[in-house]
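Colleague: See start_22.txt below, with compact mmCIF, C-alpha atoms.
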# COMPACT_ATOMS: atom_id res chain seq x y z
CA MET W 1 176.18 105.31 34.01
CA LEU W 2 173.57 107.76 35.23
CA SER W 3 170.22 107.88 33.50
CA SER W 4 167.90 110.87 33.59
CA LEU W 5 164.14 110.73 33.39
CA ARG W 6 161.68 113.58 33.09
CA GLY W 7 158.05 113.44 34.09
CA ILE W 8 155.05 115.48 35.17
CA VAL W 9 153.90 115.70 38.80
CA ALA W 10 150.35 114.36 39.23
CA SER W 11 147.93 113.63 42.06
CA GLY W 12 147.56 110.02 43.14
CA VAL W 13 144.90 107.84 44.74
CA GLY W 14 146.55 107.45 48.16
CA GLN W 15 147.63 103.85 47.60
CA GLY W 16 151.30 104.76 47.96
CA ALA W 17 150.67 106.28 51.38
CA TYR W 18 149.14 102.99 52.55
CA PHE W 19 152.08 100.93 51.26
CA MET W 20 154.54 103.38 52.86
CA SER W 21 152.70 103.07 56.20
CA LEU W 22 153.62 99.38 56.49
CA ALA W 23 156.36 98.96 59.11
CA TRP W 24 158.27 96.33 57.13
CA VAL W 25 158.33 98.59 54.04
CA ARG W 26 159.58 101.57 56.06
CA ASN W 27 162.27 99.40 57.70
CA ALA W 28 163.36 97.94 54.34
CA VAL W 29 163.65 101.42 52.80
CA HIS W 30 165.70 102.63 55.77
CA ARG W 31 167.99 99.57 55.59
CA SER W 32 168.41 99.76 51.80
CA LEU W 33 168.62 103.51 51.23
CA GLY W 34 169.61 104.97 54.59
CA PHE W 35 166.66 107.30 55.11
CA GLU W 36 163.40 107.17 57.04
CA PRO W 37 160.75 107.64 54.34
CA TYR W 38 158.07 110.32 54.50
CA PRO W 39 154.69 108.52 54.79
CA GLY W 40 153.48 109.10 51.24
CA THR W 41 154.58 109.19 47.62
CA LEU W 42 154.88 111.78 44.88
CA ASN W 43 153.43 110.59 41.60
CA VAL W 44 155.36 111.45 38.46
CA ARG W 45 153.84 110.59 35.08
CA LEU W 46 156.18 109.69 32.24
CA ALA W 47 154.24 111.16 29.31
CA ASP W 48 157.05 110.72 26.77
CA PRO W 49 157.33 107.20 25.23
CA ASP W 50 161.15 107.47 25.25
CA MET W 51 161.08 108.17 29.01
CA ARG W 52 158.83 105.13 29.62
CA SER W 53 161.18 102.94 27.58
CA ARG W 54 164.21 104.24 29.48
CA TRP W 55 162.41 103.62 32.81
CA ARG W 56 161.64 100.01 31.85
CA GLU W 57 165.32 99.39 31.15
CA VAL W 58 166.78 101.05 34.27
CA SER W 59 164.12 99.58 36.57
CA LYS W 60 165.14 96.08 35.47
CA GLN W 61 168.85 96.74 35.94
CA ARG W 62 168.89 98.85 39.11
CA ALA W 63 166.00 97.60 41.25
CA LEU W 64 166.46 96.46 44.83
CA LEU W 65 163.89 93.85 45.86
CA LEU W 66 161.57 94.45 48.80
CA THR W 67 160.65 91.02 50.11
CA PRO W 68 157.74 90.98 52.57
CA PRO W 69 157.90 88.97 55.78
CA PRO W 70 155.23 86.27 56.25
CA PRO W 71 152.24 86.50 56.27
CA GLU W 72 152.51 89.59 53.99
CA THR W 73 152.36 88.80 50.28
CA CYS W 74 152.83 92.12 48.46
CA GLY W 75 156.46 93.07 48.04
CA GLY W 76 157.99 95.49 45.61
CA ARG W 77 161.11 97.07 44.17
CA LEU W 78 163.14 100.20 44.86
CA VAL W 79 165.17 102.22 42.37
CA SER W 80 167.44 104.83 43.94
CA ILE W 81 167.25 108.31 42.36
CA THR W 82 168.37 111.87 43.00
CA LEU W 83 166.06 114.83 42.52
CA PRO W 84 166.85 118.52 41.99
CA ARG W 85 168.80 120.20 44.81
CA GLY W 86 170.48 116.84 45.49
CA VAL W 87 167.44 115.40 47.30
CA ALA W 88 167.94 111.65 47.83
CA ALA W 89 164.88 109.65 46.84
CA ALA W 90 163.71 106.41 45.26
CA VAL W 91 160.99 105.11 43.01
CA ILE W 92 159.00 102.45 44.85
CA VAL W 93 157.16 99.89 42.74
CA PRO W 94 154.73 97.74 44.75
CA ASP W 95 154.05 94.29 43.29
CA VAL W 96 150.36 95.24 43.28
CA THR W 97 149.55 98.70 41.97
CA ARG W 98 146.75 100.50 40.17
CA TYR W 99 149.22 102.31 37.95
CA ASP W 100 150.79 101.32 34.65
CA ASP W 101 154.53 101.79 34.28
CA ASP W 102 154.00 105.36 33.09
CA VAL W 103 153.44 106.52 36.71
CA LEU W 104 156.37 106.49 39.12
CA GLU W 105 155.77 106.66 42.88
CA VAL W 106 158.65 108.63 44.35
CA ILE W 107 159.62 108.45 48.04
CA SER W 108 162.04 110.49 50.10
CA ALA W 109 162.74 111.48 53.70
CA VAL W 110 160.89 114.77 53.10
CA HIS W 111 157.54 115.93 51.76
CA LEU W 112 158.66 116.46 48.18
CA ARG W 113 155.92 118.87 47.09
CA SER W 114 156.91 121.23 49.90
CA GLU W 115 160.68 120.70 49.67
CA LEU W 116 160.85 121.29 45.91
CA GLY W 117 157.85 123.63 45.53
CA LEU W 118 155.98 121.23 43.25
CA GLU W 119 152.38 121.36 42.07
CA ASP W 120 150.43 119.13 39.69
CA GLY W 121 151.69 119.71 36.16
CA ALA W 122 155.25 120.63 37.20
CA VAL W 123 158.03 118.97 35.19
CA LEU W 124 160.47 117.02 37.38
CA GLU W 125 163.89 115.62 36.47
CA LEU W 126 164.92 112.35 38.15
CA THR W 127 168.43 110.93 37.96
CA VAL W 128 168.80 107.19 38.53
CA THR W 129 171.81 106.65 40.80
CA GLU W 130 174.33 103.82 40.88
Please lay out the structure from this file as C-alpha cells.

Modeller:
Amino acid sequence: MLSSLRGIVASGVGQGAYFMSLAWVRNAVHRSLGFEPYPGTLNVRLADPDMRSRWREVSKQRALLLTPPPPETCGGRLVSITLPRGVAAAVIVPDVTRYDDDVLEVISAVHLRSELGLEDGAVLELTVTE
C-alpha cells in the first residue's frame, strides 16, 4: 500500500547537510537505496495533524535502520519515497535531531529545490514507496 503525505517546503538549520556529509551515512544510503545522495536535505513541514499521524505510522512500518560504525554513536532511519516527476528520494531521520516529527528531512541524488523548482512555502507531495 502506498501512502501519500503533503507538506510545506521550509528552510533548515544546516544540520542535515552535516549528517549527509558523513561517509558512513552516504555509503549506507547508496547501499540501501541505490543512489549517491546530494550533500544536503530538503526540509518539509507537515502542518496538518492528519499528515503527522500518517507519517508516524509509515515511519514505524517502513523504516530502514542506519547503524553507525564504531566509534560513531548517532545512527538514524531511512524511509524510501517518491517525489513529483518520479524523483527517487528518502526521508532521513537522524537519531539526534533538532526537529520534532513535523519536519521531514528529504534526501535525493539531486538538489531538490532546483530539480523541482521549489521555494519556501511550496506544497510538496511525497509518496512512501514499498

Colleague: Do you know which residues are at most 10 Å from Leu22 of chain W counting only C-alpha atoms, after dropping those on the same chain fewer than 5 positions away, and could you put them as a list in words?

Modeller: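 Residues near the query, excluding close chain neighbours: Ala17, Asn27 and Pro39 of chain W.
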
Colleague: Please compute the atom CA of Glu119 of chain W-atom CA of Phe35 of chain W distance, one decimal, in Å.

Modeller: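 The value is 23.9 Å.
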
Colleague: Please, what distance in Å, to one decimal, runs between atom CA of Ala88 of chain W and atom CA of Thr73 of chain W?

Modeller: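 Separation between atom CA of Ala88 of chain W and atom CA of Thr73 of chain W: 27.8 Å.
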
Colleague: Mind pulling up the distance from atom CA of Val79 of chain W to atom CA of Lys60 of chain W?

Modeller: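 Here the two named atoms are 9.2 Å from each other.
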
Colleague: Nearest to Ile92 of chain W among W:Ile8, W:Met20, W:Leu126, W:Leu118, with distances taken over all atoms listed in the file: which residue is it?

Modeller: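 Smallest distance to Ile92 of chain W is found for W:Met20.
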
Colleague: Can you work out which one of W:Ala28, W:Ser11, W:Ser3, W:Val87 has the shortest atom-to-atom distance to Pro69 of chain W, counting all atoms listed in the file?

Modeller: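 Closest to Pro69 of chain W, using all atoms listed in the file: W:Ala28.
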
Colleague: Residues near Arg113 of chain W, anyone? I mean within 12 Å using all atoms listed in the file, not counting same-chain ones fewer than 2 positions away, as an NGL selection string.

Modeller: :W and (9-11 or 38 or 40-44 or 83 or 106-108 or 110-111 or 115-122 or 124)

Colleague: Pick the closest to Leu104 of chain W from W:Gly75, W:Val25, W:Val91, W:Gly16: which is it, counting all atoms listed in the file?

Modeller: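 Among W:Gly75, W:Val25, W:Val91, W:Gly16, it is W:Val91 that comes nearest to Leu104 of chain W.
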
Colleague: Using all atoms listed in the file for the distances, tell me which of W:Ser114, W:Ser53, W:Ser21, W:Gln15 is nearest to Asp102 of chain W.

Modeller: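 The closest residue to Asp102 of chain W is W:Ser53.
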
Colleague: Ranking W:Leu46, W:Val103, W:Ala63, W:Ala89 by minimum distance to Val13 of chain W and counting all atoms listed in the file, which one comes first?

Modeller: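 Of W:Leu46, W:Val103, W:Ala63, W:Ala89, the one nearest Val13 of chain W is W:Val103, counting all atoms listed in the file.
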
Colleague: Measuring atom to atom with only C-alpha atoms, identify which of W:Leu65, W:Met51, W:Cys74, W:Val128 is nearest to Asp101 of chain W.

Modeller: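 Among W:Leu65, W:Met51, W:Cys74, W:Val128, it is W:Met51 that comes nearest to Asp101 of chain W.
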